[in-house]
$ cat start05.txt   # compact mmCIF, C-alpha atoms
# COMPACT_ATOMS: atom_id res chain seq x y z
CA MET W 1 -122.71 -194.29 34.22
CA SER W 2 -120.94 -192.81 37.24
CA TYR W 3 -121.27 -196.12 39.12
CA ILE W 4 -119.60 -197.95 36.25
CA LYS W 5 -116.71 -195.48 36.32
CA GLN W 6 -116.39 -195.93 40.08
CA LEU W 7 -116.32 -199.71 39.71
CA ILE W 8 -113.67 -199.50 37.00
CA GLY W 9 -111.62 -197.11 39.12
CA MET W 10 -111.98 -199.42 42.13
CA PHE W 11 -110.83 -202.38 40.03
CA PHE W 12 -107.66 -200.65 38.84
CA LEU W 13 -106.93 -199.35 42.33
CA VAL W 14 -107.10 -202.90 43.67
CA VAL W 15 -104.90 -204.05 40.78
CA ILE W 16 -102.25 -201.47 41.69
CA VAL W 17 -102.36 -202.46 45.37
CA CYS W 18 -102.14 -206.19 44.64
CA GLY W 19 -99.52 -205.64 41.95
CA GLY W 20 -97.19 -203.76 44.25
CA PRO W 21 -95.02 -206.80 45.14
CA PHE W 22 -94.58 -207.57 41.42
CA MET W 23 -94.05 -203.97 40.34
CA LEU W 24 -91.58 -202.89 43.02
CA TYR W 25 -89.20 -205.50 44.42
CA SER W 26 -85.55 -205.99 45.35
CA VAL W 27 -82.99 -208.48 44.05
CA LYS W 28 -79.56 -208.71 45.70
CA GLU W 29 -80.11 -205.40 47.52
CA GLU W 30 -81.08 -203.66 44.26
CA VAL W 31 -84.54 -202.13 43.92
CA HIS W 32 -86.33 -202.88 40.65
CA PHE W 33 -89.38 -201.10 39.24
CA SER W 34 -91.19 -203.20 36.65
CA PRO W 35 -94.76 -201.98 35.98
CA GLU W 36 -94.95 -204.27 32.96
CA ASN W 37 -95.30 -207.23 35.34
CA VAL W 38 -98.58 -205.80 36.63
CA VAL W 39 -99.80 -205.09 33.11
CA THR W 40 -99.09 -208.67 32.05
CA ARG W 41 -100.84 -210.17 35.08
CA THR W 42 -103.82 -207.83 34.71
CA ALA W 43 -104.20 -208.74 31.03
CA TYR W 44 -104.11 -212.43 31.98
CA LEU W 45 -106.77 -211.87 34.68
CA LEU W 46 -109.04 -210.00 32.26
CA SER W 47 -108.62 -212.77 29.69
CA GLN W 48 -109.60 -215.33 32.33
CA ILE W 49 -112.68 -213.28 33.25
CA GLY W 50 -113.56 -212.98 29.55
CA GLU W 51 -113.44 -216.76 29.24
CA GLY W 52 -115.82 -217.14 32.19
CA SER W 53 -113.09 -218.16 34.64
CA LEU W 54 -111.27 -216.28 37.39
CA GLY W 55 -108.16 -218.40 37.27
CA THR W 56 -106.78 -220.67 39.96
CA TYR W 57 -104.94 -220.34 43.25
CA PHE W 58 -102.95 -222.65 45.48
CA SER W 59 -104.22 -223.67 48.89
CA GLY W 60 -101.29 -225.51 50.40
CA ASN W 61 -100.15 -227.96 47.75
CA SER W 62 -103.49 -228.21 45.92
CA GLU W 63 -104.56 -225.99 43.04
CA ARG W 64 -108.15 -224.80 43.28
CA SER W 65 -110.50 -222.78 41.10
CA ILE W 66 -111.21 -219.23 42.30
CA ALA W 67 -114.67 -219.27 40.67
CA GLU W 68 -115.69 -222.39 42.64
CA ASP W 69 -114.50 -221.09 46.01
CA ILE W 70 -115.33 -217.39 45.84
CA VAL W 71 -119.08 -217.78 46.52
CA PRO W 72 -118.82 -219.96 49.68
CA PHE W 73 -115.92 -217.81 50.91
CA ALA W 74 -117.97 -214.66 50.30
CA ILE W 75 -120.97 -216.09 52.17
CA GLN W 76 -118.78 -216.84 55.18
CA SER W 77 -117.24 -213.35 55.20
CA PHE W 78 -120.64 -211.75 54.66
CA LYS W 79 -122.05 -213.51 57.73
CA LEU W 80 -119.23 -212.19 59.88
CA MET W 81 -119.37 -208.64 58.49
CA PHE W 82 -123.15 -208.24 58.48
CA TRP W 83 -123.83 -209.64 61.94
CA SER W 84 -120.91 -207.82 63.56
CA VAL W 85 -122.04 -204.45 62.13
CA LEU W 86 -125.65 -205.19 63.07
CA ILE W 87 -124.55 -206.06 66.62
CA ALA W 88 -122.60 -202.79 66.76
CA VAL W 89 -125.62 -200.74 65.62
CA VAL W 90 -128.13 -202.47 67.92
CA ALA W 91 -125.81 -202.40 70.94
CA SER W 92 -124.92 -198.73 70.41
CA LEU W 93 -128.58 -197.72 70.16
CA LEU W 94 -129.62 -199.81 73.16
CA PHE W 95 -126.78 -199.02 75.56
CA GLY W 96 -125.79 -195.64 74.14
CA LEU W 97 -129.28 -194.19 73.74
CA PHE W 98 -132.39 -196.04 74.90
CA LEU W 99 -130.95 -197.54 78.13
CA GLN W 100 -128.50 -194.74 78.86
CA ARG W 101 -130.31 -193.58 82.00
CA PHE W 102 -129.63 -196.81 83.91
CA SER W 103 -126.54 -196.84 86.16
CA ALA W 104 -125.58 -200.40 85.18
CA VAL W 105 -125.47 -199.35 81.52
CA ARG W 106 -123.28 -196.35 82.33
CA LEU W 107 -120.91 -198.65 84.21
CA PHE W 108 -120.80 -200.94 81.18
CA GLN W 109 -119.95 -197.94 79.01
CA ARG W 110 -117.04 -197.03 81.29
CA VAL W 111 -115.65 -200.53 80.84
CA LEU W 112 -115.94 -200.18 77.06
CA ASN W 113 -114.31 -196.74 77.20
CA LEU W 114 -111.40 -198.35 79.02
CA LEU W 115 -111.18 -201.07 76.38
CA SER W 116 -111.27 -198.44 73.63
CA THR W 117 -107.76 -197.35 74.64
CA ILE W 118 -106.48 -200.77 73.53
CA PRO W 119 -106.00 -201.32 69.76
CA ASP W 120 -108.45 -203.75 68.19
CA PHE W 121 -105.80 -206.26 67.10
CA VAL W 122 -104.45 -206.35 70.67
CA LEU W 123 -107.95 -207.07 71.99
CA ILE W 124 -108.28 -209.89 69.47
CA MET W 125 -104.91 -211.33 70.50
CA LEU W 126 -105.86 -211.11 74.20
CA SER W 127 -109.15 -212.87 73.43
CA VAL W 128 -107.30 -215.66 71.64
CA MET W 129 -104.98 -216.07 74.64
CA ALA W 130 -108.00 -216.14 76.95
CA ALA W 131 -109.62 -218.84 74.79
CA ILE W 132 -106.42 -220.90 74.96
CA GLN W 133 -106.31 -220.57 78.75
CA PHE W 134 -109.99 -221.50 78.93
CA TYR W 135 -109.20 -224.67 76.97
CA LYS W 136 -106.41 -225.56 79.42
CA TRP W 137 -108.75 -225.14 82.38
CA THR W 138 -111.88 -226.84 81.00
CA ASP W 139 -110.65 -228.95 78.04
CA ILE W 140 -113.37 -227.23 75.95
CA ARG W 141 -112.10 -226.01 72.57
CA ILE W 142 -113.76 -222.86 71.22
CA ILE W 143 -111.11 -221.83 68.68
CA THR W 144 -108.90 -223.61 66.14
CA LEU W 145 -105.34 -222.37 65.77
CA SER W 146 -103.90 -225.18 63.67
CA PRO W 147 -102.97 -223.87 60.18
CA THR W 148 -104.16 -227.16 58.66
CA SER W 149 -107.65 -227.03 60.23
CA ASP W 150 -110.55 -224.63 59.74
CA THR W 151 -112.55 -223.07 62.54
CA ASN W 152 -115.37 -225.21 63.91
CA ASN W 153 -117.69 -222.33 64.88
CA LEU W 154 -118.49 -218.76 63.90
CA TRP W 155 -119.73 -217.31 67.17
CA PHE W 156 -116.26 -216.71 68.59
CA PRO W 157 -114.87 -214.99 65.44
CA LEU W 158 -118.11 -213.00 65.25
CA THR W 159 -117.71 -211.85 68.85
CA MET W 160 -114.12 -210.80 68.23
CA LEU W 161 -115.08 -208.96 65.06
CA ALA W 162 -117.95 -207.09 66.72
CA ILE W 163 -115.86 -205.65 69.58
CA GLY W 164 -114.13 -202.87 67.63
CA PRO W 165 -117.13 -201.43 65.74
CA THR W 166 -119.36 -201.71 68.82
CA ILE W 167 -116.96 -199.71 70.99
CA PHE W 168 -116.53 -197.07 68.29
CA LEU W 169 -120.21 -196.60 67.50
CA MET W 170 -121.33 -196.70 71.13
CA ARG W 171 -118.94 -193.89 72.02
CA VAL W 172 -120.34 -191.80 69.15
CA ILE W 173 -123.97 -192.38 70.16
CA SER W 174 -123.28 -191.78 73.87
CA LEU W 175 -121.53 -188.49 73.14
CA LYS W 176 -124.38 -187.23 70.95
CA TYR W 177 -126.92 -188.39 73.54
CA GLU W 178 -125.24 -186.27 76.20
CA GLN W 179 -125.15 -183.26 73.88
CA ILE W 180 -128.76 -183.56 72.74
CA GLY W 181 -130.08 -184.41 76.22
CA GLY W 182 -129.31 -180.88 77.42
CA GLU W 183 -131.11 -179.08 74.57
CA ASP W 184 -134.08 -176.82 75.33
CA TYR W 185 -136.57 -178.80 73.27
CA ILE W 186 -135.80 -181.93 75.32
CA LYS W 187 -136.39 -179.99 78.56
CA THR W 188 -139.61 -178.61 77.11
CA ALA W 189 -140.82 -182.09 76.20
CA LEU W 190 -140.09 -183.28 79.73
CA ALA W 191 -141.88 -180.27 81.21
CA LYS W 192 -144.96 -181.13 79.13
CA GLY W 193 -145.05 -184.55 80.74
CA MET W 194 -144.10 -186.62 77.69
CA GLY W 195 -142.89 -190.13 78.40
CA ILE W 196 -139.18 -190.97 78.39
CA TRP W 197 -139.60 -193.57 75.64
CA HIS W 198 -141.53 -191.12 73.47
CA ILE W 199 -138.83 -188.47 73.90
CA LEU W 200 -136.02 -190.93 73.16
CA VAL W 201 -137.64 -192.30 70.02
CA HIS W 202 -139.29 -189.23 68.54
CA HIS W 203 -136.86 -186.52 69.61
CA VAL W 204 -133.46 -187.85 70.63
CA TYR W 205 -133.19 -190.65 68.07
CA LYS W 206 -134.20 -188.37 65.18
CA ASN W 207 -131.35 -186.02 66.07
CA VAL W 208 -128.84 -188.80 66.73
CA LYS W 209 -129.60 -190.62 63.49
CA PRO W 210 -127.61 -188.29 61.16
CA PHE W 211 -124.48 -188.89 63.22
CA LEU W 212 -125.20 -192.64 63.30
CA VAL W 213 -125.54 -192.77 59.51
CA ALA W 214 -122.46 -190.58 59.01
CA ASP W 215 -120.31 -192.90 61.15
CA LEU W 216 -121.81 -196.10 59.76
CA LYS W 217 -119.28 -196.10 56.92
CA LYS W 218 -116.44 -195.83 59.47
CA THR W 219 -118.02 -198.71 61.39
CA VAL W 220 -118.04 -200.89 58.27
CA ALA W 221 -114.43 -199.86 57.53
CA ILE W 222 -113.34 -200.88 61.04
CA THR W 223 -115.10 -204.21 60.58
CA VAL W 224 -113.36 -204.85 57.26
CA ALA W 225 -109.96 -204.01 58.76
CA ASN W 226 -110.52 -206.39 61.67
CA LEU W 227 -111.88 -209.05 59.31
CA PHE W 228 -108.37 -209.68 57.96
CA VAL W 229 -107.03 -210.27 61.48
CA VAL W 230 -109.92 -212.42 62.69
CA GLU W 231 -110.15 -214.67 59.63
CA TYR W 232 -106.41 -215.21 59.48
CA LEU W 233 -105.84 -215.89 63.19
CA LEU W 234 -108.95 -218.02 63.73
CA ASN W 235 -108.71 -219.98 60.46
CA VAL W 236 -112.06 -218.79 59.12
CA VAL W 237 -112.60 -219.86 55.53
CA GLY W 238 -113.44 -216.43 54.12
CA LEU W 239 -112.39 -214.05 51.37
CA THR W 240 -109.18 -213.04 53.13
CA ARG W 241 -107.89 -216.54 52.38
CA PHE W 242 -107.43 -215.35 48.79
CA VAL W 243 -105.19 -212.55 50.04
CA PHE W 244 -103.29 -214.41 52.77
CA THR W 245 -102.63 -217.77 51.16
CA LYS W 246 -101.16 -220.01 53.83
CA ASN W 247 -98.15 -222.14 52.99
CA GLY W 248 -97.85 -220.54 49.57
CA PRO W 249 -96.63 -217.45 47.68
CA PHE W 250 -98.66 -214.29 47.09
CA GLN W 251 -101.06 -214.87 44.19
CA PHE W 252 -102.19 -211.94 42.07
CA ASN W 253 -105.49 -213.24 40.65
CA ALA W 254 -106.73 -214.52 43.99
CA ALA W 255 -105.72 -211.33 45.85
CA VAL W 256 -107.48 -209.07 43.32
CA MET W 257 -110.70 -211.06 43.35
CA GLY W 258 -110.61 -211.35 47.14
CA LEU W 259 -110.17 -207.62 47.73
CA ILE W 260 -112.79 -206.65 45.16
CA SER W 261 -115.26 -209.08 46.73
CA ILE W 262 -114.59 -207.66 50.20
CA ILE W 263 -115.21 -204.11 48.93
CA LEU W 264 -118.47 -205.17 47.28
CA LEU W 265 -119.54 -206.98 50.45
CA SER W 266 -118.84 -203.88 52.54
CA ILE W 267 -121.10 -201.86 50.23
CA LEU W 268 -123.80 -204.53 50.51
CA VAL W 269 -123.54 -204.62 54.32
CA TYR W 270 -123.77 -200.83 54.52
CA SER W 271 -126.86 -200.82 52.29
CA LEU W 272 -128.58 -203.57 54.29
CA ILE W 273 -127.97 -201.81 57.61
CA ARG W 274 -129.38 -198.58 56.16
CA ALA W 275 -132.44 -200.54 55.02
CA ILE W 276 -132.89 -202.06 58.49
CA LEU W 277 -132.70 -198.60 60.08
CA SER W 278 -135.34 -197.38 57.62
CA VAL W 279 -137.65 -200.26 58.56
CA PHE W 280 -137.11 -199.51 62.26
CA GLU W 281 -138.05 -195.87 61.68
CA ARG W 282 -141.18 -196.83 59.78
CA ILE W 283 -142.28 -199.16 62.58
CA ALA W 284 -141.24 -197.26 65.73
CA VAL W 285 -140.61 -193.62 64.83
CA TYR W 286 -143.07 -192.68 62.08
CA LYS W 287 -145.93 -195.03 62.94
$ encode --input "start05.txt" --output "structure tokens"
Amino acid sequence: MSYIKQLIGMFFLVVIVCGGPFMLYSVKEEVHFSPENVVTRTAYLLSQIGEGSLGTYFSGNSERSIAEDIVPFAIQSFKLMFWSVLIAVVASLLFGLFLQRFSAVRLFQRVLNLLSTIPDFVLIMLSVMAAIQFYKWTDIRIITLSPTSDTNNLWFPLTMLAIGPTIFLMRVISLKYEQIGGEDYIKTALAKGMGIWHILVHHVYKNVKPFLVADLKKTVAITVANLFVVEYLLNVVGLTRFVFTKNGPFQFNAAVMGLISIILLSILVYSLIRAILSVFERIAVYK
């Protein structure tokens, strides 16, 4: 019952956010507050859902059905979100924990620490500029910037989307590794002649895991925030297209369904990553 209440609360929160432009607006330098506009549009959306339809939206000059496009758009966004978070988790565990003792890895971490001082959207913009320069030098196109064309690959948007969460999570894991590495029970395990891999998996990882799980939600949140930038700039056909309709006005039905779908996808991605970590523990830690 509590989950149903949370879903209902999430729905009305999204409605308020998406209805802001219709509820509070200005005309001839006068500010108007009209909450009835949101109520009317919400009632229309609920009636459409009750009829088995989600309404329509405009993509350029063509009117399209939200129900027909929401599934393929969601699959595209899910691919980007899931794989970018998975890359962040795997990279942070490899380079922040299991391979931390190698000097080349520590040098790589210093580079990432330097990049962490740059905001994620700036890194994405710099990457886009680098891709443009690469095209000028080699005549090889890896991104699509035309507003009338969709992206022709996913690996470049995926790479851009994975940068922010990877830097964040790797810094967390590296910091906890340094703290735990100096504990007495780690020194005792080393004195007993236990192998490095055994200590990392059965002692260090077990104590790092709570911090990894606690910051996993922040990692997913960073990914969702960057998803809006990556999909919009690189013309990825994903759920953010419902929110940022190109060459058209802001559309209430599409924005609500897009945001709700992104929230549900973030919950799904978080659950899947937790499941993958559980499988890893069953295979490597508790075998």
$ atom_distance --input "start05.txt" --atom1 "CA of Phe134 in chain W" --atom2 "CA of Asn235 in chain W"
18.6 Å
$ residues_around --input "start05.txt" --residues "Leu169 in chain W" --least-positions-apart "4" --cutoff "10 Å" --atoms "all atoms listed in the file" --output "ChimeraX atom specification"
/W:85,88-93,96,164-165,173-175,211-212,215-216,218-219
$ residues_around --input "start05.txt" --residues "Thr159 in chain W" --least-positions-apart "4" --cutoff "10 Å" --atoms "all atoms listed in the file" --output "count of residues only"
11
$ atom_distance --input "start05.txt" --atom1 "CA of Gly55 in chain W" --atom2 "CA of Asn226 in chain W"
27.3 Å
$ atom_distance --input "start05.txt" --atom1 "CA of Val256 in chain W" --atom2 "CA of Pro157 in chain W"
24.1 Å
$ decode --input "start05.txt" --residues "range 162-182 of chain W" --atoms "N, CA and C atoms" --output "JSON list (two decimals), in the first residue's frame"
[["chain", "number", "residue", "atom", "x", "y", "z"],
["W", 162, "ALA", "N", 28.80, 8.01, -19.01],
["W", 162, "ALA", "CA", 29.46, 7.24, -17.95],
["W", 162, "ALA", "C", 30.56, 8.03, -17.24],
["W", 163, "ILE", "N", 31.00, 9.14, -17.80],
["W", 163, "ILE", "CA", 32.13, 9.87, -17.21],
["W", 163, "ILE", "C", 31.79, 10.38, -15.82],
["W", 164, "GLY", "N", 30.67, 11.09, -15.68],
["W", 164, "GLY", "CA", 30.32, 11.70, -14.40],
["W", 164, "GLY", "C", 30.14, 10.70, -13.27],
["W", 165, "PRO", "N", 29.27, 9.67, -13.43],
["W", 165, "PRO", "CA", 29.11, 8.70, -12.35],
["W", 165, "PRO", "C", 30.36, 7.90, -12.04],
["W", 166, "THR", "N", 31.19, 7.63, -13.05],
["W", 166, "THR", "CA", 32.43, 6.88, -12.82],
["W", 166, "THR", "C", 33.39, 7.69, -11.95],
["W", 167, "ILE", "N", 33.57, 8.96, -12.26],
["W", 167, "ILE", "CA", 34.45, 9.81, -11.46],
["W", 167, "ILE", "C", 33.95, 9.91, -10.02],
["W", 168, "PHE", "N", 32.66, 10.11, -9.86],
["W", 168, "PHE", "CA", 32.08, 10.23, -8.52],
["W", 168, "PHE", "C", 32.27, 8.97, -7.70],
["W", 169, "LEU", "N", 31.89, 7.83, -8.26],
["W", 169, "LEU", "CA", 31.93, 6.58, -7.50],
["W", 169, "LEU", "C", 33.36, 6.12, -7.26],
["W", 170, "MET", "N", 34.26, 6.36, -8.20],
["W", 170, "MET", "CA", 35.64, 5.95, -8.01],
["W", 170, "MET", "C", 36.30, 6.74, -6.88],
["W", 171, "ARG", "N", 35.98, 8.01, -6.76],
["W", 171, "ARG", "CA", 36.52, 8.80, -5.66],
["W", 171, "ARG", "C", 36.02, 8.28, -4.32],
["W", 172, "VAL", "N", 34.75, 7.88, -4.26],
["W", 172, "VAL", "CA", 34.19, 7.33, -3.02],
["W", 172, "VAL", "C", 34.89, 6.04, -2.63],
["W", 173, "ILE", "N", 35.03, 5.12, -3.59],
["W", 173, "ILE", "CA", 35.65, 3.83, -3.31],
["W", 173, "ILE", "C", 37.12, 4.00, -2.95],
["W", 174, "SER", "N", 37.83, 4.87, -3.65],
["W", 174, "SER", "CA", 39.26, 5.08, -3.36],
["W", 174, "SER", "C", 39.46, 5.63, -1.95],
["W", 175, "LEU", "N", 38.60, 6.57, -1.56],
["W", 175, "LEU", "CA", 38.71, 7.15, -0.22],
["W", 175, "LEU", "C", 38.46, 6.10, 0.86],
["W", 176, "LYS", "N", 37.44, 5.27, 0.69],
["W", 176, "LYS", "CA", 37.16, 4.23, 1.68],
["W", 176, "LYS", "C", 38.24, 3.16, 1.68],
["W", 177, "TYR", "N", 38.83, 2.89, 0.52],
["W", 177, "TYR", "CA", 39.93, 1.93, 0.45],
["W", 177, "TYR", "C", 41.12, 2.41, 1.29],
["W", 178, "GLU", "N", 41.44, 3.69, 1.17],
["W", 178, "GLU", "CA", 42.56, 4.23, 1.95],
["W", 178, "GLU", "C", 42.27, 4.19, 3.44],
["W", 179, "GLN", "N", 41.02, 4.44, 3.81],
["W", 179, "GLN", "CA", 40.66, 4.42, 5.23],
["W", 179, "GLN", "C", 40.69, 3.01, 5.80],
["W", 180, "ILE", "N", 40.14, 2.06, 5.05],
["W", 180, "ILE", "CA", 40.06, 0.69, 5.53],
["W", 180, "ILE", "C", 41.41, 0.00, 5.48],
["W", 181, "GLY", "N", 42.25, 0.38, 4.49],
["W", 181, "GLY", "CA", 43.56, -0.26, 4.34],
["W", 181, "GLY", "C", 44.47, -0.09, 5.55],
["W", 182, "GLY", "N", 44.23, 0.91, 6.36],
["W", 182, "GLY", "CA", 45.07, 1.14, 7.53],
["W", 182, "GLY", "C", 44.51, 0.55, 8.80]]
